[in-house]
Amino acid sequence: MAQATQNQTRVVSPQRPSVFRNLTAWIGVLPFLIFVFLFLFWPASSLIIGSFETPSGSFTLKNITDLFTPSILDAYVLSIQISIVTAVGGGIFGFMLAYAAIQGGLPRWIRTALTTFSGVASNFAGVPLAFAFIATLGHTGFLTAFFADVMGVKIYDLGFNLYNFWGLALTYMYFQFPLMVLIMAPALDGLRKEWREASENLGASSFQYWRYVALPILMPSLLGSTILLFGNAFGAYATAYALTRTLNIVTVLIGAQISGNVLYNPNLGYALAFGMIVVMAISIGLYTWLQRQTARWLR
Amino acid sequence: MKKKINLWAWFWIVLGALYFLVPLYGTFDFSLHEKRGVLSFFAYQNVLMDPRFRESFTYSVLMALATIVVGLLLIVPTAYWVHLRLPQARPLIEFITLMPFVVPAIVLVFGLIRIYSGPPLAFTNSEQLTNLLLMCGYVVVAMPYTYRSVDTGLRAIDVRTLTEAAQSLGAGWFTILFRVIFPNIRAALLSGAFLTFAIVIGEFTIASLLNRPAFGPYLVYMGNNRAYEPAALAIISFALTWAAIGLIQLLSHGRSDQGQLGGMH
C-alpha cells in the first residue's frame with residue numbers, strides 16, 4: 001500500500017493528501033465493481049452459501065458429503081474423464097500442429113491460415129458444432145455414408161457411436177486443439193533457433209535437444225495450456241446438451257437440476273455447482289501461475 | 001535432414017486440415033440433401049423463410065449489440081481509469097476479469113436465477129427484466145475478452161499524454177473518453193465487439209435456462225424437429241463466426257495470435 005501511495009502522489013497534484021486522492025480514484029472503478037458484484041460474485045457466492053445450507057436455511061455439510069454418492073460422483077468422474085481425454089488429446093495434436101506450422105520450416109501462409117482457422121474453430125462451439133458432427137458422423141452423416149459406400153465399412157457396426165463418450169470427445173476436440181494452437185504459438189515463437197544451433201554445435205542429438213532444452217522451456221506453458229483445455233471442456237454445456245442428453249456429465253446434470261429439480265434437493269444442486277467452481281478455480285489458478293512461469297522466457 | 005522435417009510437418013498440417021475441413025464439408029454436403037436425389041439449397045430456403053429463425057436471430061443480434069455497448073461502456077472507462085490513476089488496482093481488476101472462467105455459464109445462470117427469480121429482486125417475472133438479466137450475464141461472459149482487448153489497446157497508446165493534452169485544451173472527462181480515448185483504441189474496441197458478437201449470437205446455455213427466445217435455443221429446437229435444417233444452420237453459424245473472427249484478425253493485422261481466444265461451449 002505504501003508503494004501504491006507513492007506511485008499515486010507522483011502522478012497527481014501533490015498538494016492534496018494522497019489517501020484522500022486514492023479514495024476518490026477508487027470511485028472511478030466503482031461502477032465496474034458494483035456490476036461484477038451484482039451479476040457475478042453475488043450469484044456465485046449465493047450458490048456456494050446455499051451448498052452449506054439445508055432447505056430451511058441452517059448450516060449443514062450434508063450436501064457436500066452427498067456429492068460423493070454414486071450417481072453424482074459418476075457425473076464428476078465422467079466430466080473429469082472427458083476433460084482429461086480431450087485436454088491431453090487436443091493438447092498433443094494442437095502442439096504438433098503449432099510446432100509444424102511455426103518451427104517446421106513450412107511456408108509462412110500455412111501459419112496464417114492455421115491461426116485464422118484456430119481462431120474460428122475455437123469459437124465455433126456449442127449447438128452448431130454438435131450439428132456439424134451429427135451431419136458428419138451421425139447415423140446418416142456424410143462420413144458415415146462415405147465409409148459405408150466407398151469402403152464398405154459400417155462404422156456403427158464396428159462400435160463407433162457419436163452419441164457416447166468417445167463421440168463427444170471427438171466433438172470437443174474440434175474446439176480443443178485449435179485453442180492449444182493459439183496458446184502455444186507465442187511460446188513456440190520464443191523457442192530461439194540459436195538454442196537449437198547451439199545444442200547441435202555442442203553435439204547434442206535431436207532427442208537431447210528436446211529433453212534438455214526445448215521441453216524444459218516449454219513445459220510450463222504445455223502444462224498450463226493443457227490445464228486450460230481441461231477447464232474449457234469441464235465447463236462445456238451446450239455442445240454436450242445438443243449432442244447427447246443421455247451422457248451424465250456435471251454440466252448436463254446442473255442444467256437438468258435448474259430446469260426440473262431432478263435431484264429433489266435445491267441445495268444439493270448448489271453443492272453441485274460449488275464443486276464445479278472449485279474444479280474450475282483450481283485449473284484456472286494453475287494455468288495463470290504456469291503462464292507466469294513461461295512469461296520469463298518470452299521476453 | 002531438412003527435407004525429413006518438412007515431410008513430418010506437412011503430415012501434421014494435413015491431418016489438422018482434415019479435422020478442420022471434413023466436418024465442415026460433411027455438414028455442407030448433408031445440408032444440400034433435403035430433397036431426395038438432388039442437391040438443393042432447400043434446407044437453407046426453409047430456414048430463411050422460417051419466421052422463428054428471423055425472430056430469434058433478430059433477438060440475438062439485438063442482444064449482442066446491447067451487450068457490446070454496455071460491456072464497452074463498463075470496461076473502457078474502468079480500464080482507462082486503472083491505466084491513468086489507479087495502477088495499484090490492476091491486479092485486482094485482472095483477477096476479477098478472470099473470474100468468468102472460474103464460473104462457467106451454466107453455473108452463472110444458476111446463480112442468476114437463484115438471486116433474481118424471487119423476492120426482493122424477482123427479475124424473471126418480467127420479460128424486459130429477464131432480457132436485462134440475460135444481457136448482464138452476457139456482459140459477464142464476454143468480460144475477459146473485452147477487458148483484454150481494451151487493455152491491449154490502451155497499452156499501445158500514451159494514455160497520460162493524450163489525457164493531459166485534452167485537459168489542457170479544456171476537455172472534460174466525457175469529452176476525453178468519447179472523443180479522445182475511444183477513437184484512439186478503435187481497433188481494440190472493434191475486436192472486443194466482434195468477439196462478443198461471436199459469443200452472444202449462438203449462445204445457448206444462459207438464454208435457454210432463462211427461457212429467452214434467442215438464436216441458440218432456436219437451434220436446439222430445430223435440432224429436435226428437423227434433419228437437414230440443423231446442418232444448414234450450422235453452416236450459417238460457422239459463416240457468422242468466421243466473419244467475426246476474420247474481421248478481428250484483419251484489425252489486428254496478424255499481430256496477436258491470442259486476440260481471439262475462447263468462446264462458449
# chains A, B, ... in the order shown; residues from 1 in each chain; ligands from 1
$ residues_around --residues "Tyr116 (chain B)" --least-positions-apart "4" --cutoff "12 Å" --atoms "only C-alpha atoms" --output "PyMOL selection string"
(chain A and resi 38-39+42-43+46) or (chain B and resi 108-112+120-126+129-130+132-134+136-137+210)
$ residues_around --residues "Ile82 (chain A)" --least-positions-apart "5" --cutoff "12 Å" --atoms "only C-alpha atoms" --output "PyMOL selection string"
chain A and resi 75-77+87-90+164-173+176+229-236+240+247-250
$ residues_around --residues "Glu34 (chain B)" --least-positions-apart "6" --cutoff "9 Å" --atoms "only C-alpha atoms" --output "list in words"
Ser40, Phe41, Phe42, Ala43, Ala227, Tyr228 and Glu229 of chain B
$ closest_residue --among "B:Met49, B:Leu84, B:Ala165, B:Ile176" --to "chain A" --atoms "only C-alpha atoms"
B:Leu84
$ atom_distance --atom1 "CA of Arg148 (chain B)" --atom2 "CA of Thr175 (chain B)"
23.6 Å
$ interface_residues --of "chain A" --to "chain B" --cutoff "6 Å" --atoms "only C-alpha atoms" --output "list in words"
Ala4, Val29, Pro43, Ala44, Leu47, Leu97, Ala100, Gly104, Gly119, Val120, Asn123, Ala125, Gly126, Pro128, Phe131, Ala132, Ala135, Thr136, Phe142, Leu182, Gly235, Ala236, Ala238, Thr239, Ala273, Ile277, Met280 and Ala281 of chain A
$ write_last_selection --atoms "C-alpha atoms" --output "PDB file, in the first residue's frame"
ATOM      1  CA  ALA A   4       0.979   2.268  -4.177  1.00  0.00           C
ATOM      2  CA  VAL A  29     -13.830   1.812 -10.782  1.00  0.00           C
ATOM      3  CA  PRO A  43     -24.938 -15.029  -7.674  1.00  0.00           C
ATOM      4  CA  ALA A  44     -21.873 -17.268  -7.463  1.00  0.00           C
ATOM      5  CA  LEU A  47     -24.640 -20.878  -4.693  1.00  0.00           C
ATOM      6  CA  LEU A  97       0.217 -28.620 -35.396  1.00  0.00           C
ATOM      7  CA  ALA A 100       4.811 -27.948 -37.501  1.00  0.00           C
ATOM      8  CA  GLY A 104       8.666 -26.953 -39.187  1.00  0.00           C
ATOM      9  CA  GLY A 119      -9.456 -18.594 -34.068  1.00  0.00           C
ATOM     10  CA  VAL A 120     -12.649 -19.552 -35.832  1.00  0.00           C
ATOM     11  CA  ASN A 123     -15.092 -20.144 -31.177  1.00  0.00           C
ATOM     12  CA  ALA A 125     -18.679 -24.500 -30.494  1.00  0.00           C
ATOM     13  CA  GLY A 126     -21.893 -25.236 -28.751  1.00  0.00           C
ATOM     14  CA  PRO A 128     -23.819 -25.621 -34.227  1.00  0.00           C
ATOM     15  CA  PHE A 131     -24.992 -30.256 -35.515  1.00  0.00           C
ATOM     16  CA  ALA A 132     -21.902 -30.329 -37.698  1.00  0.00           C
ATOM     17  CA  ALA A 135     -24.298 -34.226 -40.043  1.00  0.00           C
ATOM     18  CA  THR A 136     -20.827 -35.695 -40.497  1.00  0.00           C
ATOM     19  CA  PHE A 142     -21.696 -37.650 -44.573  1.00  0.00           C
ATOM     20  CA  LEU A 182      -3.481 -20.355 -30.207  1.00  0.00           C
ATOM     21  CA  GLY A 235     -17.383 -26.178 -18.220  1.00  0.00           C
ATOM     22  CA  ALA A 236     -18.853 -27.072 -21.617  1.00  0.00           C
ATOM     23  CA  ALA A 238     -24.210 -26.515 -24.937  1.00  0.00           C
ATOM     24  CA  THR A 239     -22.220 -28.932 -27.105  1.00  0.00           C
ATOM     25  CA  ALA A 273     -22.335 -26.017  -8.842  1.00  0.00           C
ATOM     26  CA  ILE A 277     -16.434 -23.723  -9.201  1.00  0.00           C
ATOM     27  CA  MET A 280     -12.522 -24.537 -12.342  1.00  0.00           C
ATOM     28  CA  ALA A 281     -10.785 -22.348  -9.763  1.00  0.00           C
TER      29      ALA A 281
END
$ atom_distance --atom1 "CA of Leu137 (chain A)" --atom2 "CA of Ser60 (chain B)"
28.9 Å
$ atom_distance --atom1 "CA of Pro183 (chain B)" --atom2 "CA of Thr163 (chain B)"
13.0 Å
